[in-house]
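Asks: Supplied in structure tokens, the structure appears directly below.
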Amino acid sequence: MNYPLTPIDWKRRAVKYYPNKTAVIDGEKKFTYQQFGERADRLSVALTEAGVKPGDHIAVMLPNTHYMLECFYGICQTGAVMVPLNYRIQASDMEYIINHSDAKMLIVDAEFTAPIQEIEANLSLEEIIIVSVPGQKPELRGIDYERFLEHASSSDFSPVEINENQLLTLNYTSGTTSNPKGVMLTHRANYINAANFMFHLGVNHDDVYLHTLPMFHANGWGGVWAITAIGGIHVCLRKVDPPVILNLFEQHHISLLCGAPTVNMLVNEPKALETHITTKPRMATAGSPPAAALIKRAQDILGLNMMHVYGLTETSPFILYNEWKSEFDQKSADEQATIKARQGIELAFNGETKVVRPNGQEVAWNGEELGEIVTRGNVVMKGYYKDEKRTAEAMRDGWFHTGDLAVTYPDGYIEIRDRAKDMIISGGENISLNGSGRRVIQTSGYSGNSCNRRSR
């Protein structure tokens, strides 16, 4: 009998082997893996007792707190589908996503209840659960999260049978001239992406991971699963605040983080010059790519070891990474910058990615011929939820078409040169302006010329 590939199984493993190790640090709160596992199991029991069944959709709008981590495991291990919501979007988009996703229930942070109150009458939700926040008075009525868990016992949780090809999460893109699209990501796709996250970002048991990247964004790129898999420590961050982040570096000995505009904020923070970081953290860059000079400052001032990855929500998200070889260290600074300008090569487990001509043939590996990046394999979405037309447009002849135009160099490294569709950048994420609505994670440390341009 095949054992399903699902990232939620990594919680079982972590509780089994690291029960007394710290799993989550959230401000003054700390949870061991045993405690974190019990809270996730209690959420599963409470949801089941409230009528949630396998296949049901649960919307979640929370910042990077332990509650958000609990939801990823507590919801998904029941066989239900988690719908992470971007709390930065406007109320009308929230309304569309909640209704379009067929969400049965919403778990929301007290700070973000105002826009939900504005649209509540138009929502088809059966229940709203509110996570209390000190000093925040919810703008709508709902069940308090802790009260919801109050009578649920973790001992009552019974694992359900999971098919690795069933949906784990439904992640919505954000279009500006079209409705958001629901990207259907399976247990298997999330598992494979998280395996890539672990392998290529060098994740290990002693890592202390700072959640600067929104967990709602492509499931934190897989960080919500990968850190648990190896028994690392999740350090939660409610808001991106550079002085707070720099304090956390020193306080908790942060060794790994991901982010887009975060690096720019950190190096420009006056406190950075006074901060002595001894762990030399690894940082995967994303979104609006930092310039070479900025990366050099990040490495010189903060000791950050910058890594470059690329992908899309539709691909779970990683499909390329800039593999840094020791031979590159012997090159001049200008030559190194040229290499870092490239999105890179396929990851070990995701499948095949290449640059093709309009007829589907691969472009010459000469660093000159322009084509579109296409990919297929283990991390590609199942499709767009309730949107066969757009799914067919994006998935052609077994390949997902990214819309990014690029070249391939003689060594196989891919570099984006343009974007087939006009984009703007919002919070490190590219958003389509032409009606496609596809949100792309332009995650290279350096981008091509115009894939990050603002539409005129």
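Chain labels A, B, ... are given in the sequence in which chains occur in the structure tokens; within each chain residues are numbered consecutively from 1, and ligands are likewise numbered from 1 in the order shown.
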Taking the backbone alone, and naming residues the way the document does, which bits of region 138-297 of chain A are helix (DSSP H, G or I) by DSSP, as a tab-separated table (two decimals) with N, CA and C atoms, in the first residue's frame?

Replies:
```tsv
chain	number	residue	atom	x	y	z
A	145	TYR	N	-11.79	32.04	19.31
A	145	TYR	CA	-10.98	30.88	18.92
A	145	TYR	C	-10.68	29.97	20.10
A	146	GLU	N	-10.21	30.53	21.20
A	146	GLU	CA	-9.87	29.70	22.36
A	146	GLU	C	-11.11	29.04	22.96
A	147	ARG	N	-12.23	29.75	22.91
A	147	ARG	CA	-13.48	29.15	23.41
A	147	ARG	C	-13.93	28.02	22.49
A	148	PHE	N	-13.67	28.19	21.19
A	148	PHE	CA	-14.01	27.17	20.20
A	148	PHE	C	-13.25	25.87	20.49
A	149	LEU	N	-11.99	26.02	20.97
A	149	LEU	CA	-11.17	24.85	21.27
A	149	LEU	C	-11.38	24.32	22.69
A	154	SER	N	-7.45	16.70	22.46
A	154	SER	CA	-6.58	16.18	21.40
A	154	SER	C	-6.64	14.65	21.33
A	155	SER	N	-6.97	14.03	22.45
A	155	SER	CA	-7.05	12.56	22.47
A	155	SER	C	-8.21	12.04	21.63
A	156	ASP	N	-9.15	12.92	21.31
A	156	ASP	CA	-10.30	12.52	20.50
A	156	ASP	C	-10.03	12.61	19.00
A	187	HIS	N	-2.03	17.91	-1.74
A	187	HIS	CA	-1.12	17.45	-0.69
A	187	HIS	C	0.23	17.10	-1.31
A	188	ARG	N	0.22	16.39	-2.41
A	188	ARG	CA	1.47	15.96	-3.05
A	188	ARG	C	2.30	17.16	-3.51
A	189	ALA	N	1.68	18.12	-4.17
A	189	ALA	CA	2.41	19.29	-4.67
A	189	ALA	C	3.05	20.06	-3.54
A	190	ASN	N	2.32	20.25	-2.44
A	190	ASN	CA	2.87	20.95	-1.28
A	190	ASN	C	4.03	20.16	-0.66
A	191	TYR	N	3.89	18.85	-0.62
A	191	TYR	CA	4.94	17.99	-0.06
A	191	TYR	C	6.23	18.11	-0.87
A	192	ILE	N	6.09	18.01	-2.19
A	192	ILE	CA	7.27	18.07	-3.06
A	192	ILE	C	7.91	19.46	-2.99
A	193	ASN	N	7.11	20.51	-2.98
A	193	ASN	CA	7.67	21.85	-2.89
A	193	ASN	C	8.41	22.04	-1.57
A	194	ALA	N	7.83	21.55	-0.47
A	194	ALA	CA	8.48	21.68	0.83
A	194	ALA	C	9.77	20.87	0.87
A	195	ALA	N	9.81	19.74	0.16
A	195	ALA	CA	11.04	18.96	0.08
A	195	ALA	C	12.12	19.76	-0.65
A	196	ASN	N	11.72	20.45	-1.71
A	196	ASN	CA	12.66	21.34	-2.41
A	196	ASN	C	13.14	22.46	-1.49
A	197	PHE	N	12.21	23.02	-0.71
A	197	PHE	CA	12.54	24.07	0.25
A	197	PHE	C	13.62	23.57	1.21
A	198	MET	N	13.41	22.37	1.75
A	198	MET	CA	14.37	21.81	2.70
A	198	MET	C	15.73	21.57	2.06
A	199	PHE	N	15.71	20.95	0.88
A	199	PHE	CA	16.96	20.54	0.25
A	199	PHE	C	17.76	21.74	-0.26
A	200	HIS	N	17.13	22.62	-0.99
A	200	HIS	CA	17.87	23.68	-1.66
A	200	HIS	C	18.16	24.89	-0.75
A	218	ALA	N	1.25	31.65	-0.91
A	218	ALA	CA	1.70	30.33	-1.37
A	218	ALA	C	2.18	29.48	-0.19
A	219	ASN	N	1.40	29.53	0.89
A	219	ASN	CA	1.67	28.74	2.10
A	219	ASN	C	3.09	28.98	2.62
A	220	GLY	N	3.44	30.28	2.64
A	220	GLY	CA	4.76	30.64	3.14
A	220	GLY	C	5.87	30.00	2.34
A	221	TRP	N	5.59	29.79	1.02
A	221	TRP	CA	6.53	29.14	0.09
A	221	TRP	C	6.87	27.71	0.49
A	222	GLY	N	6.16	27.17	1.46
A	222	GLY	CA	6.46	25.81	1.94
A	222	GLY	C	7.15	25.80	3.28
A	223	GLY	N	7.48	26.98	3.80
A	223	GLY	CA	8.16	27.06	5.09
A	223	GLY	C	7.31	26.55	6.24
A	224	VAL	N	5.98	26.69	6.12
A	224	VAL	CA	5.11	26.21	7.21
A	224	VAL	C	5.22	24.70	7.38
A	225	TRP	N	5.58	24.00	6.30
A	225	TRP	CA	5.72	22.54	6.36
A	225	TRP	C	7.17	22.13	6.61
A	226	ALA	N	8.10	22.75	5.87
A	226	ALA	CA	9.50	22.30	5.87
A	226	ALA	C	10.16	22.40	7.24
A	227	ILE	N	9.88	23.48	7.96
A	227	ILE	CA	10.52	23.65	9.27
A	227	ILE	C	10.03	22.60	10.25
A	228	THR	N	8.76	22.27	10.18
A	228	THR	CA	8.22	21.22	11.04
A	228	THR	C	8.83	19.87	10.69
A	229	ALA	N	9.04	19.64	9.40
A	229	ALA	CA	9.54	18.34	8.94
A	229	ALA	C	10.85	17.95	9.61
A	242	PRO	N	11.27	46.32	11.05
A	242	PRO	CA	12.73	46.11	11.01
A	242	PRO	C	13.42	46.09	12.37
A	243	PRO	N	13.17	47.06	13.28
A	243	PRO	CA	13.85	46.98	14.59
A	243	PRO	C	13.50	45.70	15.35
A	244	VAL	N	12.23	45.29	15.27
A	244	VAL	CA	11.82	44.05	15.93
A	244	VAL	C	12.53	42.86	15.32
A	245	ILE	N	12.61	42.83	14.00
A	245	ILE	CA	13.28	41.72	13.31
A	245	ILE	C	14.75	41.64	13.73
A	246	LEU	N	15.41	42.78	13.77
A	246	LEU	CA	16.82	42.80	14.15
A	246	LEU	C	17.00	42.33	15.60
A	247	ASN	N	16.08	42.68	16.46
A	247	ASN	CA	16.13	42.18	17.85
A	247	ASN	C	15.95	40.66	17.90
A	248	LEU	N	15.03	40.16	17.04
A	248	LEU	CA	14.78	38.72	17.02
A	248	LEU	C	16.00	37.94	16.52
A	249	PHE	N	16.72	38.54	15.56
A	249	PHE	CA	17.96	37.91	15.08
A	249	PHE	C	18.88	37.59	16.25
A	250	GLU	N	19.05	38.56	17.11
A	250	GLU	CA	19.96	38.41	18.23
A	250	GLU	C	19.34	37.56	19.35
A	251	GLN	N	18.07	37.81	19.62
A	251	GLN	CA	17.40	37.13	20.73
A	251	GLN	C	17.26	35.63	20.52
A	252	HIS	N	16.86	35.25	19.30
A	252	HIS	CA	16.57	33.84	19.04
A	252	HIS	C	17.58	33.17	18.11
A	262	THR	N	11.64	42.81	2.39
A	262	THR	CA	12.17	42.81	3.76
A	262	THR	C	13.64	43.18	3.82
A	263	VAL	N	14.44	42.66	2.89
A	263	VAL	CA	15.87	42.91	2.93
A	263	VAL	C	16.18	44.39	2.76
A	264	ASN	N	15.42	45.08	1.93
A	264	ASN	CA	15.60	46.51	1.72
A	264	ASN	C	15.31	47.28	3.01
A	265	MET	N	14.25	46.88	3.70
A	265	MET	CA	13.87	47.53	4.94
A	265	MET	C	14.92	47.31	6.02
A	266	LEU	N	15.50	46.12	6.03
A	266	LEU	CA	16.47	45.79	7.07
A	266	LEU	C	17.76	46.57	6.92
A	267	VAL	N	18.31	46.62	5.71
A	267	VAL	CA	19.61	47.29	5.54
A	267	VAL	C	19.49	48.80	5.69
A	270	PRO	N	18.41	52.12	10.66
A	270	PRO	CA	19.60	52.61	11.39
A	270	PRO	C	20.15	51.59	12.39
A	271	LYS	N	19.25	50.83	13.00
A	271	LYS	CA	19.68	49.85	14.01
A	271	LYS	C	20.56	48.76	13.39
A	272	ALA	N	20.50	48.60	12.06
A	272	ALA	CA	21.27	47.53	11.41
A	272	ALA	C	22.76	47.70	11.65
A	273	LEU	N	23.21	48.95	11.70
A	273	LEU	CA	24.63	49.21	11.90
A	273	LEU	C	25.09	48.85	13.31
A	274	GLU	N	24.13	48.76	14.24
A	274	GLU	CA	24.46	48.44	15.63
A	274	GLU	C	24.22	46.98	15.97
A	292	ALA	N	22.07	44.56	-6.98
A	292	ALA	CA	23.33	43.95	-6.56
A	292	ALA	C	23.94	44.70	-5.37
A	293	ALA	N	23.90	46.02	-5.44
A	293	ALA	CA	24.48	46.82	-4.35
A	293	ALA	C	23.75	46.58	-3.04
A	294	LEU	N	22.43	46.40	-3.13
A	294	LEU	CA	21.64	46.16	-1.92
A	294	LEU	C	21.99	44.80	-1.31
A	295	ILE	N	22.12	43.80	-2.16
A	295	ILE	CA	22.47	42.48	-1.66
A	295	ILE	C	23.85	42.50	-1.02
A	296	LYS	N	24.77	43.24	-1.63
A	296	LYS	CA	26.11	43.34	-1.06
A	296	LYS	C	26.06	43.99	0.32
A	297	ARG	N	25.23	45.03	0.47
A	297	ARG	CA	25.08	45.69	1.77
A	297	ARG	C	24.49	44.72	2.80
```

Asks: Using DSSP on the backbone, list every residue of region 143-243 of chain A that comes out as strand (DSSP E), and give them as a short mmCIF file (atom, residue, chain, number, x, y, z; two decimals) with N, CA and C atoms, in the first residue's frame.

Replies:
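Everything below was put into selection-v6.cif:
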```
data_model
loop_
_atom_site.label_atom_id
_atom_site.label_comp_id
_atom_site.auth_asym_id
_atom_site.auth_seq_id
_atom_site.Cartn_x
_atom_site.Cartn_y
_atom_site.Cartn_z
N ILE A 143 -17.39 33.41 17.22
CA ILE A 143 -16.95 32.58 18.33
C ILE A 143 -15.47 32.84 18.59
N ASP A 144 -15.11 33.05 19.83
CA ASP A 144 -13.71 33.23 20.18
C ASP A 144 -12.94 31.93 19.91
N LEU A 167 -7.12 18.12 -2.65
CA LEU A 167 -6.70 19.47 -2.35
C LEU A 167 -6.27 19.62 -0.90
N LEU A 168 -5.19 20.34 -0.72
CA LEU A 168 -4.71 20.71 0.61
C LEU A 168 -5.07 22.16 0.88
N THR A 169 -4.76 23.03 -0.10
CA THR A 169 -5.07 24.45 0.03
C THR A 169 -5.62 24.99 -1.28
N LEU A 170 -6.36 26.07 -1.15
CA LEU A 170 -6.89 26.81 -2.29
C LEU A 170 -6.38 28.23 -2.15
N ASN A 171 -5.39 28.59 -2.95
CA ASN A 171 -4.69 29.86 -2.81
C ASN A 171 -5.09 30.81 -3.93
N TYR A 172 -5.61 31.96 -3.56
CA TYR A 172 -6.12 32.90 -4.56
C TYR A 172 -5.08 33.92 -5.00
N GLY A 182 -8.65 30.97 -8.02
CA GLY A 182 -8.32 30.02 -6.98
C GLY A 182 -7.39 28.94 -7.49
N VAL A 183 -6.17 28.94 -7.02
CA VAL A 183 -5.16 27.96 -7.42
C VAL A 183 -5.30 26.72 -6.55
N MET A 184 -5.61 25.59 -7.16
CA MET A 184 -5.84 24.35 -6.41
C MET A 184 -4.51 23.61 -6.25
N LEU A 185 -4.03 23.53 -5.00
CA LEU A 185 -2.77 22.87 -4.70
C LEU A 185 -3.03 21.61 -3.87
N THR A 186 -2.46 20.53 -4.27
CA THR A 186 -2.71 19.24 -3.63
C THR A 186 -1.74 18.95 -2.49
N VAL A 208 16.54 27.97 13.07
CA VAL A 208 15.53 28.81 13.71
C VAL A 208 15.01 29.73 12.60
N TYR A 209 13.79 29.49 12.18
CA TYR A 209 13.22 30.13 11.00
C TYR A 209 12.31 31.29 11.39
N LEU A 210 12.57 32.47 10.85
CA LEU A 210 11.75 33.64 11.12
C LEU A 210 10.74 33.83 10.00
N ILE A 233 12.69 25.38 14.55
CA ILE A 233 11.88 26.30 15.35
C ILE A 233 11.24 27.36 14.47
N HIS A 234 9.92 27.50 14.57
CA HIS A 234 9.18 28.55 13.89
C HIS A 234 9.16 29.78 14.80
N VAL A 235 9.66 30.90 14.32
CA VAL A 235 9.53 32.15 15.07
C VAL A 235 8.53 33.02 14.32
#
```

Asks: Nearest to Gly398 (chain A) among A:Val131, A:Ala114, A:Met215, A:Val380, with distances taken over only C-alpha atoms: which residue is it?

Replies: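 Smallest separation from Gly398 (chain A) among the options: A:Val380.
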
Asks: Which residues of region 277-396 of chain A sit at most 12 Å from region 93-113 of chain A, using only C-alpha atoms? Give each one's shortest atom pair and distance in Å (one decimal place), in chain and ascending residue order, as CSV.

Replies:
```
residue,atom,partner,partner_atom,distance
A:Tyr384,CA,A:Ser101,CA,10.7
A:Tyr385,CA,A:Ser101,CA,7.6
A:Lys386,CA,A:His100,CA,8.4
A:Asp387,CA,A:His100,CA,10.6
```

Asks: Produce a file of the selected residues containing N, CA and C atoms, as a PDB file, in the first residue's frame.

Replies:
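Writing done, so here's out-v6.pdb:
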```pdb
ATOM      1  N   TYR A 384      -7.404  25.917 -11.890  1.00  0.00           N
ATOM      2  CA  TYR A 384      -8.081  27.027 -11.224  1.00  0.00           C
ATOM      3  C   TYR A 384      -9.472  26.575 -10.804  1.00  0.00           C
ATOM      4  N   TYR A 385      -9.834  26.851  -9.584  1.00  0.00           N
ATOM      5  CA  TYR A 385     -11.094  26.386  -9.017  1.00  0.00           C
ATOM      6  C   TYR A 385     -12.284  26.966  -9.777  1.00  0.00           C
ATOM      7  N   LYS A 386     -13.128  26.067 -10.246  1.00  0.00           N
ATOM      8  CA  LYS A 386     -14.356  26.435 -10.978  1.00  0.00           C
ATOM      9  C   LYS A 386     -14.061  27.351 -12.164  1.00  0.00           C
ATOM     10  N   ASP A 387     -12.961  27.117 -12.848  1.00  0.00           N
ATOM     11  CA  ASP A 387     -12.597  27.962 -13.986  1.00  0.00           C
ATOM     12  C   ASP A 387     -11.855  27.129 -15.028  1.00  0.00           C
TER      13      ASP A 387
END
```

Asks: Mind pulling up the distance from CA of Cys71 (chain A) to CA of Arg12 (chain A)?

Replies: 15.2 Å

Asks: To one decimal in Å, tell me the separation between CA of Val52 (chain A) and CA of Ile128 (chain A).

Replies: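 Rounded to one decimal, the two atoms are 13.0 Å apart.
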
Asks: Point out the residue among A:Gln117, A:Asn204, A:Asn20, A:Thr338 with the least atom-to-atom distance to Pro138 (chain A), counting only C-alpha atoms.

Replies: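 Looking at the shortest contact to Pro138 (chain A), the residue is A:Gln117.
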
Asks: Given only C-alpha atoms, how would the per-residue table for region 158-203 of chain A near region 256-260 of chain A read, listing every residue at most 10 Å away with its closest atom pair and distance in Å to one decimal, sorted by chain and number, as a Markdown table?

Replies:
```
| residue | atom | partner | partner_atom | distance |
| --- | --- | --- | --- | --- |
| A:Leu201 | CA | A:Leu256 | CA | 8.6 |
| A:Gly202 | CA | A:Leu256 | CA | 9.3 |
| A:Val203 | CA | A:Leu256 | CA | 8.1 |
```

Asks: Limited to C-alpha atoms, could you put the picked residues into a file as an mmCIF file, in the first residue's frame?

Replies:
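File produced: part02.cif:
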```cif
data_model
loop_
_atom_site.group_PDB
_atom_site.id
_atom_site.type_symbol
_atom_site.label_atom_id
_atom_site.label_comp_id
_atom_site.auth_asym_id
_atom_site.auth_seq_id
_atom_site.Cartn_x
_atom_site.Cartn_y
_atom_site.Cartn_z
ATOM 1 C CA LEU A 201 17.685 26.121 1.258
ATOM 2 C CA GLY A 202 19.729 23.713 3.375
ATOM 3 C CA VAL A 203 17.160 23.383 6.164
#
```

Asks: Would you pick out the contacts of Lys29 (chain A) at 10 Å or less, using only C-alpha atoms, so that residues sharing its chain but fewer than 3 positions from it are not included, and give the list as a list in words?

Replies: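 So the residues in contact are Val24, Ile25, Asp26, His66 and Cys236 of chain A.
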
Asks: Keeping only N, CA and C atoms, write the selected residues as an mmCIF file, in the first residue's frame.

Replies:
```
data_model
loop_
_atom_site.group_PDB
_atom_site.id
_atom_site.type_symbol
_atom_site.label_atom_id
_atom_site.label_comp_id
_atom_site.auth_asym_id
_atom_site.auth_seq_id
_atom_site.Cartn_x
_atom_site.Cartn_y
_atom_site.Cartn_z
ATOM 1 N N VAL A 24 7.428 26.418 18.330
ATOM 2 C CA VAL A 24 6.939 27.733 17.922
ATOM 3 C C VAL A 24 7.226 28.768 18.997
ATOM 4 N N ILE A 25 7.741 29.896 18.567
ATOM 5 C CA ILE A 25 7.902 31.064 19.437
ATOM 6 C C ILE A 25 7.077 32.183 18.833
ATOM 7 N N ASP A 26 6.157 32.705 19.612
ATOM 8 C CA ASP A 26 5.273 33.773 19.143
ATOM 9 C C ASP A 26 5.212 34.833 20.240
ATOM 10 N N HIS A 66 1.048 31.897 15.824
ATOM 11 C CA HIS A 66 0.933 30.452 16.037
ATOM 12 C C HIS A 66 -0.441 29.949 15.638
ATOM 13 N N CYS A 236 7.406 33.297 14.967
ATOM 14 C CA CYS A 236 6.324 34.032 14.324
ATOM 15 C C CYS A 236 6.571 35.542 14.382
#
```
